[in-house]
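As stored in coords_24.cif (mmCIF, C-alpha atoms):
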```cif
data_start
loop_
_atom_site.label_atom_id
_atom_site.label_comp_id
_atom_site.auth_asym_id
_atom_site.auth_seq_id
_atom_site.Cartn_x
_atom_site.Cartn_y
_atom_site.Cartn_z
CA MET A 16 0.00 0.00 0.00
CA GLY A 17 2.69 2.43 1.08
CA LEU A 18 4.65 1.80 -2.06
CA PHE A 19 1.64 2.46 -4.27
CA SER A 20 0.73 5.72 -2.55
CA ASP A 21 4.38 6.83 -2.76
CA ILE A 22 4.42 6.21 -6.48
CA TYR A 23 1.04 7.90 -6.89
CA ASN A 24 2.22 11.00 -4.96
CA THR A 25 5.42 11.27 -6.95
CA VAL A 26 3.56 11.01 -10.25
CA ALA A 27 0.83 13.38 -9.10
CA LYS A 28 3.41 15.91 -7.92
CA PHE A 29 5.11 15.81 -11.29
CA PHE A 30 1.94 16.63 -13.18
CA ARG A 31 0.76 19.32 -10.81
CA PRO A 32 1.43 22.83 -12.13
CA GLN A 33 4.36 24.49 -10.37
CA GLU A 34 2.26 27.31 -8.98
CA GLU A 35 0.35 24.98 -6.67
CA GLN A 36 3.41 23.58 -4.96
CA GLY A 37 4.61 24.94 -1.63
CA ASP A 38 2.67 28.17 -1.96
CA ALA A 39 2.55 28.59 1.82
CA SER A 40 6.17 29.42 2.61
CA LYS A 41 6.36 32.67 0.66
CA SER A 42 3.20 34.17 2.11
CA VAL A 43 4.18 33.00 5.59
CA ALA A 44 7.51 34.81 5.18
CA THR A 45 5.84 37.97 3.86
CA ASN A 46 3.33 38.11 6.69
CA ARG A 47 5.87 37.39 9.42
CA LEU A 48 8.19 39.98 7.98
CA LYS A 49 5.50 42.66 7.75
CA LEU A 50 4.58 42.15 11.39
CA VAL A 51 8.14 42.20 12.67
CA LEU A 52 8.99 45.29 10.61
CA MET A 53 6.03 47.16 12.04
CA GLN A 54 7.25 46.37 15.52
CA ASP A 55 10.77 47.45 14.54
CA ARG A 56 9.57 50.69 12.98
CA THR A 57 7.11 51.75 15.66
CA ASN A 58 9.07 50.56 18.68
CA LEU A 59 5.89 49.01 20.06
CA THR A 60 6.74 45.91 22.01
CA PRO A 61 4.44 42.88 21.92
CA LYS A 62 3.59 43.65 25.58
CA ILE A 63 2.34 47.14 24.75
CA LEU A 64 0.41 45.80 21.77
CA GLU A 65 -1.24 43.26 24.06
CA GLN A 66 -2.18 46.01 26.52
CA MET A 67 -3.63 48.11 23.72
CA ARG A 68 -5.61 45.11 22.55
CA GLY A 69 -6.99 44.54 26.05
CA GLU A 70 -8.10 48.14 26.45
CA LEU A 71 -9.77 48.14 23.06
CA ILE A 72 -11.67 44.97 23.97
CA ASP A 73 -12.87 46.59 27.23
CA LEU A 74 -14.08 49.66 25.38
CA LEU A 75 -15.80 47.89 22.51
CA SER A 76 -17.49 45.21 24.58
CA ARG A 77 -19.64 47.91 26.18
CA TYR A 78 -21.47 48.15 22.90
CA VAL A 79 -21.10 44.79 21.18
CA GLU A 80 -20.49 41.23 22.17
CA LEU A 81 -17.11 40.25 20.73
CA ASP A 82 -15.29 37.08 20.00
CA LYS A 83 -12.27 38.07 22.05
CA GLU A 84 -10.12 35.17 20.88
CA LEU A 85 -10.41 36.08 17.22
CA LEU A 86 -9.85 39.82 17.58
CA GLU A 87 -6.88 40.85 15.45
CA LEU A 88 -4.79 43.95 15.85
CA ASN A 89 -2.21 44.60 13.16
CA PHE A 90 -0.20 47.34 11.58
CA GLU A 91 -0.35 47.63 7.84
CA GLN A 92 1.71 49.71 5.53
CA GLU A 93 0.14 51.57 2.66
CA GLY A 94 2.87 53.46 0.86
CA GLU A 95 4.49 55.79 3.36
CA GLN A 96 1.63 55.58 5.83
CA VAL A 97 1.24 53.05 8.59
CA ALA A 98 -2.33 52.10 9.46
CA LEU A 99 -3.62 50.32 12.53
CA MET A 100 -5.98 47.58 11.40
CA LEU A 101 -8.45 46.13 13.85
CA SER A 102 -10.53 43.15 12.84
CA ILE A 103 -13.33 42.29 15.27
CA PRO A 104 -15.61 39.31 14.90
CA VAL A 105 -18.93 40.54 16.38
CA ILE A 106 -21.13 37.88 17.89
CA ARG A 107 -24.11 40.23 18.30
CA ALA A 108 -24.79 43.88 18.89
CA LYS A 109 -26.15 44.75 22.31
CA ASP A 110 -29.53 46.47 22.48
CA GLU A 111 -29.97 49.95 23.86
CA GLU A 112 -31.16 48.90 27.33
CA GLU A 113 -28.22 46.61 27.77
CA ILE A 114 -25.79 49.30 26.76
CA GLU A 115 -27.38 51.83 29.11
CA ALA A 116 -27.34 49.34 31.96
CA ALA A 117 -23.72 48.58 31.31
CA LEU A 118 -22.81 52.25 31.14
CA LYS A 119 -24.74 52.96 34.35
CA ALA A 120 -22.97 50.14 36.16
CA GLU A 121 -19.70 51.48 34.94
CA ALA A 122 -20.55 55.04 36.00
CA GLU A 123 -21.41 53.79 39.51
CA ASN A 124 -18.22 51.86 39.53
CA LEU A 125 -16.35 55.01 38.57
CA GLU A 126 -18.07 57.04 41.28
CA GLU A 127 -17.01 54.51 43.86
CA LYS A 128 -13.49 54.73 42.58
CA ILE A 129 -13.56 58.52 42.73
CA GLU A 130 -14.80 58.42 46.32
CA ALA A 131 -12.03 56.05 47.23
CA ILE A 132 -9.49 58.35 45.62
CA GLU A 133 -10.93 61.39 47.41
CA GLU A 134 -10.66 59.62 50.71
CA GLU A 135 -7.12 58.75 49.96
CA ILE A 136 -6.37 62.38 49.12
CA GLU A 137 -7.86 63.52 52.41
CA ASN A 138 -5.63 61.12 54.24
CA THR A 139 -2.52 62.27 52.44
CA GLU A 140 -3.64 65.85 53.05
CA ASP A 141 -3.59 65.33 56.78
CA ILE A 142 -0.12 64.00 56.51
CA SER A 143 1.01 66.85 54.28
CA GLU A 144 -0.49 69.38 56.70
CA GLU A 145 1.50 67.85 59.48
CA ASN A 146 4.56 68.10 57.30
CA PHE A 147 3.58 71.65 56.51
CA SER A 148 3.52 72.78 60.08
CA GLU A 149 6.86 71.10 60.63
CA ASN A 150 8.26 72.78 57.56
CA ASN A 151 6.87 76.17 58.52
CA SER A 152 10.15 77.36 59.84
CA ASP A 153 11.95 76.29 56.67
CA GLU A 154 11.77 78.22 53.45
CA SER A 155 10.79 75.17 51.39
CA SER A 156 7.33 76.36 50.38
CA SER A 157 7.56 74.68 46.96
CA ASN A 158 7.19 71.30 48.63
CA VAL A 159 3.76 72.18 49.86
CA ILE A 160 2.34 73.83 46.78
CA SER A 161 2.39 70.58 44.87
CA THR A 162 -0.62 69.21 46.78
CA PRO A 163 -3.33 71.92 46.96
CA GLU A 164 -4.59 71.43 43.41
CA GLU A 165 -6.01 68.03 44.23
CA MET A 166 -7.80 69.12 47.40
CA ASN A 167 -11.42 70.10 47.68
CA SER A 168 -12.27 73.75 48.09
CA SER A 169 -12.87 73.99 51.85
CA LYS A 170 -9.56 72.37 52.53
CA ASN A 171 -8.00 74.62 49.95
CA ASN A 172 -9.00 77.72 51.92
CA GLU A 173 -7.40 76.42 55.00
CA GLN A 174 -4.33 75.73 52.98
CA GLU A 175 -4.25 79.25 51.63
CA VAL A 176 -4.57 80.73 55.08
CA SER A 177 -1.77 78.68 56.44
CA PHE A 178 0.22 79.48 53.33
CA GLU A 179 -0.17 83.21 53.95
CA GLU A 180 0.88 82.68 57.52
CA CYS A 181 3.95 81.00 56.24
CA HIS A 182 4.79 84.01 54.11
CA SER A 183 4.12 86.51 56.87
CA GLU A 184 6.43 84.59 59.12
CA GLN A 185 9.14 84.80 56.53
CA MET B 10 35.35 67.96 -11.40
CA THR B 11 33.13 66.81 -8.59
CA GLY B 12 32.28 63.14 -8.68
CA ARG B 13 29.51 61.23 -6.95
CA VAL B 14 30.20 59.37 -3.73
CA ILE B 15 28.00 56.27 -3.40
CA VAL B 16 28.07 53.96 -0.38
CA ILE B 17 27.14 50.30 -0.88
CA THR B 18 25.65 48.93 2.30
CA SER B 19 23.26 46.24 3.58
CA GLY B 20 23.21 45.72 7.32
CA LYS B 21 23.40 41.96 7.02
CA GLY B 22 26.62 40.28 5.97
CA GLY B 23 26.98 37.92 3.04
CA VAL B 24 24.30 39.42 0.81
CA GLY B 25 26.80 40.60 -1.79
CA LYS B 26 27.96 44.12 -0.90
CA THR B 27 31.54 43.51 -1.97
CA THR B 28 30.57 41.63 -5.14
CA THR B 29 28.21 44.48 -5.99
CA SER B 30 30.89 47.11 -5.34
CA ALA B 31 33.42 45.31 -7.53
CA ASN B 32 30.97 44.79 -10.36
CA ILE B 33 29.35 48.23 -10.41
CA GLY B 34 32.78 49.83 -10.11
CA THR B 35 34.15 47.79 -13.01
CA ALA B 36 31.07 48.43 -15.16
CA LEU B 37 31.20 52.19 -14.54
CA ALA B 38 34.92 52.25 -15.39
CA LYS B 39 34.29 50.22 -18.57
CA ALA B 40 31.74 52.84 -19.58
CA GLY B 41 34.55 55.40 -19.52
CA ASN B 42 34.23 56.87 -16.01
CA LYS B 43 37.08 57.39 -13.57
CA VAL B 44 36.23 55.27 -10.55
CA VAL B 45 37.78 54.69 -7.13
CA LEU B 46 36.62 51.82 -4.95
CA ILE B 47 37.18 52.20 -1.19
CA ASP B 48 37.12 49.11 1.00
CA THR B 49 36.12 50.26 4.50
CA ASP B 50 35.84 46.78 6.00
CA LEU B 51 38.93 47.14 8.20
CA GLY B 52 40.28 43.82 9.40
CA LEU B 53 38.10 41.83 6.97
CA ARG B 54 39.07 43.16 3.57
CA ASN B 55 37.93 41.26 0.50
CA LEU B 56 37.39 43.75 -2.30
CA ASP B 57 41.03 43.25 -3.34
CA LEU B 58 40.36 39.52 -3.81
CA LEU B 59 37.28 40.03 -5.99
CA LEU B 60 39.24 42.40 -8.22
CA GLY B 61 42.29 40.13 -8.28
CA LEU B 62 44.49 42.88 -6.83
CA GLU B 63 45.50 41.22 -3.56
CA ASN B 64 49.18 40.95 -4.53
CA ARG B 65 49.56 44.57 -5.52
CA ILE B 66 48.57 46.28 -2.30
CA VAL B 67 51.39 48.20 -0.67
CA TYR B 68 49.61 50.88 1.33
CA THR B 69 46.13 50.86 2.86
CA ILE B 70 43.60 53.46 3.95
CA VAL B 71 45.06 53.42 7.47
CA ASP B 72 48.50 54.26 6.07
CA VAL B 73 46.94 57.27 4.34
CA ILE B 74 45.20 58.43 7.50
CA GLU B 75 48.29 57.95 9.64
CA GLU B 76 50.30 59.80 7.00
CA ARG B 77 52.71 57.04 6.13
CA CYS B 78 52.00 57.68 2.45
CA LYS B 79 50.18 60.04 0.13
CA LEU B 80 46.62 59.24 -0.94
CA LYS B 81 47.73 58.76 -4.56
CA GLN B 82 50.38 56.21 -3.57
CA ALA B 83 47.78 54.04 -1.86
CA LEU B 84 45.52 53.79 -4.93
CA VAL B 85 46.02 50.48 -6.73
CA LYS B 86 45.22 50.54 -10.44
CA ASP B 87 43.13 47.73 -11.90
CA LYS B 88 44.91 45.21 -14.15
CA LYS B 89 42.67 45.71 -17.16
CA ASN B 90 41.10 49.09 -16.74
CA PRO B 91 43.26 52.13 -15.95
CA ASN B 92 40.08 54.07 -15.10
CA LEU B 93 39.51 51.90 -12.04
CA SER B 94 41.53 51.98 -8.83
CA LEU B 95 41.20 50.57 -5.33
CA LEU B 96 41.92 52.01 -1.92
CA ALA B 97 42.29 48.88 0.20
CA ALA B 98 41.34 48.38 3.84
CA ALA B 99 43.98 47.50 6.41
CA GLN B 100 43.84 43.83 7.28
CA THR B 101 45.71 44.06 10.59
CA ARG B 102 43.65 46.84 12.18
CA ASP B 103 40.03 47.16 13.32
CA LYS B 104 37.24 49.68 12.70
CA THR B 105 38.44 52.03 15.44
CA ALA B 106 41.61 52.88 13.47
CA VAL B 107 39.54 55.25 11.31
CA ASN B 108 36.87 57.79 12.18
CA ALA B 109 34.03 59.26 10.17
CA GLU B 110 35.67 62.64 9.66
CA GLN B 111 38.85 61.10 8.27
CA LEU B 112 36.88 59.01 5.81
CA LYS B 113 34.82 62.00 4.74
CA GLU B 114 38.03 63.89 4.05
CA ILE B 115 39.35 61.07 1.87
CA CYS B 116 36.06 60.90 -0.08
CA ASP B 117 36.05 64.67 -0.54
CA THR B 118 39.61 64.60 -1.91
CA LEU B 119 38.95 61.64 -4.21
CA LYS B 120 35.75 63.03 -5.71
CA GLU B 121 37.71 66.05 -6.97
CA GLU B 122 39.56 63.86 -9.46
CA ASN B 123 37.08 61.04 -10.13
CA ASP B 124 33.60 60.60 -11.57
CA PHE B 125 32.65 58.00 -8.98
CA VAL B 126 33.82 57.08 -5.50
CA LEU B 127 32.20 53.80 -4.41
CA VAL B 128 32.45 52.98 -0.72
CA ASP B 129 32.13 49.30 0.20
CA CYS B 130 30.58 49.30 3.67
CA PRO B 131 31.17 46.60 6.31
CA ALA B 132 28.21 44.64 7.71
CA GLY B 133 26.51 45.97 10.83
CA ILE B 134 25.27 49.37 11.97
CA GLU B 135 28.13 50.39 14.23
CA GLN B 136 31.27 52.47 13.76
CA GLY B 137 32.19 50.83 10.43
CA PHE B 138 28.82 51.76 8.93
CA GLN B 139 28.96 55.30 10.30
CA ASN B 140 32.45 55.71 8.83
CA ALA B 141 31.49 54.40 5.39
CA VAL B 142 28.40 56.58 5.15
CA ALA B 143 30.13 59.76 6.32
CA GLY B 144 31.44 60.95 2.96
CA ALA B 145 28.61 59.68 0.75
CA SER B 146 25.66 61.53 -0.71
CA GLU B 147 24.01 58.49 -2.29
CA ALA B 148 23.49 54.93 -1.12
CA ILE B 149 22.75 51.54 -2.62
CA VAL B 150 21.15 49.12 -0.17
CA VAL B 151 21.88 45.52 -1.11
CA THR B 152 19.48 42.84 0.05
CA THR B 153 18.31 39.36 -0.91
CA PRO B 154 14.73 38.04 -0.92
CA GLU B 155 15.17 36.53 2.56
CA MET B 156 13.53 37.67 5.77
CA SER B 157 16.68 38.40 7.75
CA ALA B 158 18.31 40.37 4.93
CA ILE B 159 15.14 42.40 4.34
CA ARG B 160 14.71 43.18 8.02
CA ASP B 161 18.30 44.41 8.23
CA ALA B 162 17.86 46.43 5.03
CA ASP B 163 14.84 48.11 6.63
CA ARG B 164 16.99 49.12 9.61
CA ILE B 165 19.65 50.50 7.28
CA ILE B 166 17.06 52.46 5.28
CA GLY B 167 15.80 53.97 8.54
CA LEU B 168 19.34 55.01 9.47
CA LEU B 169 20.02 56.44 6.01
CA GLU B 170 16.81 58.47 6.12
CA ALA B 171 18.01 60.10 9.31
CA LYS B 172 21.24 61.20 7.61
CA GLU B 173 20.98 64.62 5.99
CA GLU B 174 23.98 64.09 3.72
CA ILE B 175 22.37 61.08 2.01
CA LYS B 176 20.27 62.63 -0.74
CA SER B 177 19.03 59.41 -2.33
CA TYR B 178 19.12 55.70 -1.67
CA LYS B 179 18.11 52.79 -3.85
CA LEU B 180 17.58 49.08 -3.46
CA LEU B 181 19.56 46.37 -5.19
CA LEU B 182 17.92 42.97 -4.91
CA ASN B 183 20.58 40.30 -5.15
CA ARG B 184 20.54 36.52 -5.54
CA VAL B 185 17.04 36.37 -6.97
CA ARG B 186 15.95 32.88 -7.97
CA PRO B 187 13.15 33.08 -10.55
CA SER B 188 12.29 29.36 -10.28
CA LEU B 189 11.69 29.66 -6.52
CA ILE B 190 9.63 32.82 -6.97
CA LYS B 191 7.55 31.06 -9.60
CA SER B 192 6.76 28.20 -7.24
CA ASN B 193 5.90 30.70 -4.48
CA GLU B 194 8.77 29.60 -2.30
CA MET B 195 10.61 32.91 -2.43
CA MET B 196 9.40 36.47 -2.03
CA SER B 197 9.06 38.17 -5.38
CA VAL B 198 10.73 41.42 -6.39
CA ASP B 199 7.39 43.21 -6.02
CA ASP B 200 6.92 41.81 -2.50
CA VAL B 201 10.31 43.10 -1.37
CA VAL B 202 9.86 46.52 -2.98
CA GLU B 203 6.42 46.86 -1.41
CA ILE B 204 7.66 45.90 2.06
CA LEU B 205 10.66 48.21 1.99
CA SER B 206 8.98 50.95 -0.11
CA CYS B 207 12.29 51.89 -1.68
CA PRO B 208 13.01 52.46 -5.41
CA LEU B 209 14.91 49.69 -7.21
CA VAL B 210 18.22 50.16 -8.96
CA GLY B 211 18.76 46.56 -9.92
CA ILE B 212 17.71 42.92 -9.79
CA ILE B 213 20.58 40.44 -9.91
CA PRO B 214 19.79 36.76 -10.49
CA GLU B 215 21.57 34.05 -8.54
CA ASP B 216 24.36 32.97 -10.81
CA THR B 217 26.89 30.18 -10.24
CA GLY B 218 29.20 32.21 -12.46
CA ILE B 219 29.76 34.52 -9.46
CA ILE B 220 31.66 31.71 -7.72
CA THR B 221 33.99 31.06 -10.65
CA SER B 222 34.51 34.77 -11.24
CA THR B 223 35.47 35.22 -7.58
CA ASN B 224 37.83 32.26 -7.88
CA LYS B 225 39.57 33.98 -10.76
CA GLY B 226 39.49 37.44 -9.22
CA GLU B 227 37.62 38.87 -12.15
CA PRO B 228 34.24 40.62 -11.77
CA ILE B 229 31.40 38.93 -13.64
CA VAL B 230 30.57 42.11 -15.60
CA ASN B 231 33.60 41.23 -17.76
CA ASP B 232 31.79 38.05 -18.85
CA GLU B 233 29.57 39.12 -21.73
CA ASN B 234 27.43 35.99 -21.58
CA ALA B 235 26.63 35.82 -17.85
CA LEU B 236 23.13 36.93 -16.85
CA ALA B 237 24.35 38.42 -13.54
CA GLY B 238 27.00 40.31 -15.44
CA LYS B 239 24.39 41.81 -17.73
CA ALA B 240 22.23 42.73 -14.75
CA TYR B 241 25.19 44.55 -13.13
CA ARG B 242 25.96 46.39 -16.38
CA ASN B 243 22.34 47.54 -16.40
CA VAL B 244 22.70 48.81 -12.83
CA ALA B 245 25.70 50.88 -13.89
CA GLN B 246 23.70 52.35 -16.76
CA ARG B 247 20.86 53.27 -14.42
CA ILE B 248 23.34 54.97 -12.10
CA LEU B 249 24.50 56.97 -15.13
CA GLY B 250 20.93 58.15 -15.60
CA GLU B 251 19.79 55.91 -18.44
CA GLU B 252 16.44 54.19 -18.35
CA VAL B 253 17.04 50.49 -18.75
CA PRO B 254 14.20 47.97 -18.35
CA PHE B 255 14.72 45.27 -15.72
CA LEU B 256 15.82 41.88 -17.07
CA ASP B 257 13.24 39.23 -17.72
CA LEU B 258 14.56 36.56 -15.40
CA ASP B 259 12.25 33.76 -16.48
CA GLU B 260 14.48 30.85 -17.28
CA PRO B 261 14.28 29.43 -20.78
CA LYS B 262 11.65 26.73 -20.81
CA GLY B 263 12.88 23.18 -21.19
CA PHE B 264 11.09 20.15 -22.49
CA MET B 265 9.80 19.06 -19.07
CA ALA B 266 8.43 22.51 -18.27
CA LYS B 267 6.51 22.44 -21.53
CA ILE B 268 4.92 19.10 -20.69
CA LYS B 269 3.99 20.36 -17.23
CA ASN B 270 2.43 23.46 -18.69
CA ALA B 271 0.44 21.44 -21.21
CA PHE B 272 -0.96 19.30 -18.40
CA ALA B 273 -1.80 22.37 -16.35
CA LYS B 274 -3.79 23.78 -19.26
CA LEU B 275 -5.53 20.48 -19.84
CA LYS B 276 -6.48 20.33 -16.17
CA ALA B 277 -7.84 23.87 -16.29
CA LYS B 278 -10.09 22.92 -19.22
CA VAL B 279 -11.51 19.88 -17.41
#
```
Could I get this structure in the form of structure tokens?
Amino acid sequence: MGLFSDIYNTVAKFFRPQEEQGDASKSVATNRLKLVLMQDRTNLTPKILEQMRGELIDLLSRYVELDKELLELNFEQEGEQVALMLSIPVIRAKDEEEIEAALKAEAENLEEKIEAIEEEIENTEDISEENFSENNSDESSSNVISTPEEMNSSKNNEQEVSFEECHSEQ
Amino acid sequence: MTGRVIVITSGKGGVGKTTTSANIGTALAKAGNKVVLIDTDLGLRNLDLLLGLENRIVYTIVDVIEERCKLKQALVKDKKNPNLSLLAAAQTRDKTAVNAEQLKEICDTLKEENDFVLVDCPAGIEQGFQNAVAGASEAIVVTTPEMSAIRDADRIIGLLEAKEEIKSYKLLLNRVRPSLIKSNEMMSVDDVVEILSCPLVGIIPEDTGIITSTNKGEPIVNDENALAGKAYRNVAQRILGEEVPFLDLDEPKGFMAKIKNAFAKLKAKV
């Protein structure tokens, strides 16, 4: 059996037109090369590309259900210009209610995060105020100015007052 | 007279920079131009071998720079063509023996009395490359239809673009094998040009004649019948500003190829 199929393959290969033989290796080389050159030219590492891919998935999946495994992110060259090509297999579009619900959930999520950050700022503020009073005698006012921008207004007033005090002392 | 200074470079080694330098230089000289070839591959010189001049070298480029001789004394005249001369690299020194400014000065002096100064660049993108490029205003990037050579050529093109002195650069695609391209096992000329988006100055077919011509120390452009020789002569003409169509590299069809084709047509009909 083996002998017959060997002979058949050899004969069949001989009569096959040249164009059909081994057509994979050239296109494999071209595609691999294009990808690696884009990375060389843009200085984007595979890690950064992966991060970009992840963020794009997060953004887009608010609106459509995606096949995350098949999402492709590539650079393509057209003449002098480099284009970012994104191919997304969409499973289904989400309806309006779903999108709104998702956005709402996200907004709440964000609010929580903001609150957490604000709390954190307040805490650091207390610390910086302590530092401030310690530093009062020094002339290093620049150290202190870096924080007020992030503080809420009532705290800011206090800060200004103490800041003036600092100047008057000088 | 102010001649043109052209650097022949590639990034990757072994793609045919030195062969290209020897052949273009010889072809330009045969066409009646005064040509100087400079080998800047210090420590790994080979241009003298390809020209068959290895026994005539007395002084090298390092001797000129360290003022042990005059520039004119170091130029070795070609055996056949008095229009062609070689400034050889030092074999016992490394790339740090020369700096970019010194090479630029040599190029500037030589272009006063010659139509062409061709600089054969060493492989790599370090000091040797920077030296070779320093005096040039044009570049020929040699590559082959292989991934590693193309990737390195892309790097070189990027570096050349950043150099203000380089006014133009062109691609020379070497060691092309039409039969492999036809069977889709090698990237085609169009593929390479598209990927690198760089204008072509020549397509040189793989030719076993290159080996025998190197053995003899005689550039293949001197062989009227060799296909690679013809391709190199065409490159020289293009450098001189003539419009020469690229060679049709399709190999002459043999008996077997005809049978195969006939079967392919038959199959298409069925």
Which residues of stretch 85-182 of chain B have any atom within 12 Å of an atom in stretch 190-204 of chain B when counting only C-alpha atoms, and what is the closest pair of atoms for each, with the distance in Å to one decimal? Order the rows by chain and rising number and write it as JSON lines.
```
{"residue": "B:Val150", "atom": "CA", "partner": "B:Val202", "partner_atom": "CA", "distance": 11.9}
{"residue": "B:Val151", "atom": "CA", "partner": "B:Val201", "partner_atom": "CA", "distance": 11.8}
{"residue": "B:Thr152", "atom": "CA", "partner": "B:Val201", "partner_atom": "CA", "distance": 9.3}
{"residue": "B:Thr153", "atom": "CA", "partner": "B:Val201", "partner_atom": "CA", "distance": 8.8}
{"residue": "B:Pro154", "atom": "CA", "partner": "B:Met196", "partner_atom": "CA", "distance": 5.7}
{"residue": "B:Glu155", "atom": "CA", "partner": "B:Met196", "partner_atom": "CA", "distance": 7.4}
{"residue": "B:Met156", "atom": "CA", "partner": "B:Met196", "partner_atom": "CA", "distance": 8.9}
{"residue": "B:Ala158", "atom": "CA", "partner": "B:Val201", "partner_atom": "CA", "distance": 10.5}
{"residue": "B:Ile159", "atom": "CA", "partner": "B:Val201", "partner_atom": "CA", "distance": 7.5}
{"residue": "B:Arg160", "atom": "CA", "partner": "B:Ile204", "partner_atom": "CA", "distance": 9.6}
{"residue": "B:Ala162", "atom": "CA", "partner": "B:Val201", "partner_atom": "CA", "distance": 10.4}
{"residue": "B:Asp163", "atom": "CA", "partner": "B:Ile204", "partner_atom": "CA", "distance": 8.8}
{"residue": "B:Ile166", "atom": "CA", "partner": "B:Ile204", "partner_atom": "CA", "distance": 11.9}
{"residue": "B:Lys179", "atom": "CA", "partner": "B:Val202", "partner_atom": "CA", "distance": 10.4}
{"residue": "B:Leu180", "atom": "CA", "partner": "B:Val202", "partner_atom": "CA", "distance": 8.1}
{"residue": "B:Leu181", "atom": "CA", "partner": "B:Val202", "partner_atom": "CA", "distance": 9.9}
{"residue": "B:Leu182", "atom": "CA", "partner": "B:Val198", "partner_atom": "CA", "distance": 7.5}
```
Deliver the residues from the most recent selection as a file, using C-alpha atoms, as a JSON list (two decimals), in the coordinates of the input.
```json
[["chain", "number", "residue", "atom", "x", "y", "z"],
["B", 150, "VAL", "CA", 21.15, 49.12, -0.17],
["B", 151, "VAL", "CA", 21.88, 45.52, -1.11],
["B", 152, "THR", "CA", 19.48, 42.84, 0.05],
["B", 153, "THR", "CA", 18.31, 39.36, -0.91],
["B", 154, "PRO", "CA", 14.73, 38.04, -0.92],
["B", 155, "GLU", "CA", 15.17, 36.53, 2.56],
["B", 156, "MET", "CA", 13.53, 37.67, 5.77],
["B", 158, "ALA", "CA", 18.31, 40.37, 4.93],
["B", 159, "ILE", "CA", 15.14, 42.40, 4.34],
["B", 160, "ARG", "CA", 14.71, 43.18, 8.02],
["B", 162, "ALA", "CA", 17.86, 46.43, 5.03],
["B", 163, "ASP", "CA", 14.84, 48.11, 6.63],
["B", 166, "ILE", "CA", 17.06, 52.46, 5.28],
["B", 179, "LYS", "CA", 18.11, 52.79, -3.85],
["B", 180, "LEU", "CA", 17.58, 49.08, -3.46],
["B", 181, "LEU", "CA", 19.56, 46.37, -5.19],
["B", 182, "LEU", "CA", 17.92, 42.97, -4.91]]
```
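Going from atom CA of B:Glu121 to atom CA of B:Ile47 covers 15.0 Å.
Those residues that approach A:Glu113 to within 10 Å, counting all atoms listed in the file, are Arg77, Tyr78, Val79, Ala108, Leu118 and Lys119 of chain A; same-chain residues fewer than 5 positions away are not listed.
In this model, the gap between atom CA of B:Asn92 and atom CA of B:Asn108 comes to 27.7 Å.
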Taking the point (47.0, 56.8, -0.9) as given in the file, collect each protein or nucleic acid residue that comes within 12 Å of it, counting only C-alpha atoms, and present the set as a ChimeraX atom specification. /B:45,47,66-86,94-98,115-116,118-119
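Checking A:Asp110, A:Asp55, A:Asp82, A:Glu87 one by one against chain B, counting only C-alpha atoms, you find the shortest gap at A:Asp55.
Here atom CA of B:Leu62 stands at a distance of 15.3 Å from atom CA of B:Ile229.
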I'd like the neighbourhood of B:Asn32 as JSON, numbers by chain, where a residue qualifies if any of its atoms comes within 12 Å (using all atoms listed in the file), though same-chain residues fewer than 6 positions away should be ignored. {"B": [17, 25, 26, 38, 39, 44, 46, 56, 59, 60, 93, 127, 129, 213, 219, 222, 223, 226, 227, 228, 229, 230, 231, 232, 237, 238, 239, 240, 241, 242, 243, 244, 245]}
Local residues around (-13.6, 34.4, 18.6), at most 10 Å away, using all atoms listed in the file, as a count of residues only: 11
Give the answer as one residue: which of B:Gly133, B:Gly23, B:Gly144, B:Pro208 has the shortest atom-to-atom distance to chain A, using all atoms listed in the file? B:Pro208
Translate the PyMOL selection byres ((chain A and resi 101) around 12), as applied to the file shown, into an explicit residue set as a PyMOL selection string. chain A and resi 64+67-68+71-72+75+85-91+98-100+102-104
Would you compute the box with edges along x, y and z of the file around stretch 158-169 of chain B, including every atom the file lists for it and 4 Å extra on each side, and give its centre and edge lengths in Å to one decimal, as JSON?
```
{"center_x": 17.4, "center_y": 48.4, "center_z": 7.0, "size_x": 13.3, "size_y": 24.1, "size_z": 13.3}
```
The PyMOL selection byres ((chain B and resi 147) around 10) on the file shown: which residues, as a PyMOL selection string? chain B and resi 13-17+127+142+144-146+148-149+169+174-179
For this structure, which residues satisfy the selection - the PyMOL selection byres ((chain B and resi 105) around 9) - when it is evaluated on the file as given? I want them as a PyMOL selection string. chain B and resi 51+102-104+106-108+136-137
Write out, as a PDB file, keeping the file's coordinate frame, the residues just selected, with C-alpha atoms.
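Full text of selection.pdb as output:
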```pdb
ATOM      1  CA  LEU B  51      38.930  47.140   8.200  1.00  0.00           C
ATOM      2  CA  ARG B 102      43.650  46.840  12.180  1.00  0.00           C
ATOM      3  CA  ASP B 103      40.030  47.160  13.320  1.00  0.00           C
ATOM      4  CA  LYS B 104      37.240  49.680  12.700  1.00  0.00           C
ATOM      5  CA  ALA B 106      41.610  52.880  13.470  1.00  0.00           C
ATOM      6  CA  VAL B 107      39.540  55.250  11.310  1.00  0.00           C
ATOM      7  CA  ASN B 108      36.870  57.790  12.180  1.00  0.00           C
ATOM      8  CA  GLN B 136      31.270  52.470  13.760  1.00  0.00           C
ATOM      9  CA  GLY B 137      32.190  50.830  10.430  1.00  0.00           C
TER      10      GLY B 137
END
```
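Residue nearest chain A, chosen from B:Asn234, B:Ser206, B:Thr221, B:Thr28 and counting only C-alpha atoms: B:Ser206.
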Using only C-alpha atoms, the shortest atom-to-atom distance to B:Lys172 among B:Val185, B:Gln139, B:Cys130, B:Cys207 belongs to B:Gln139
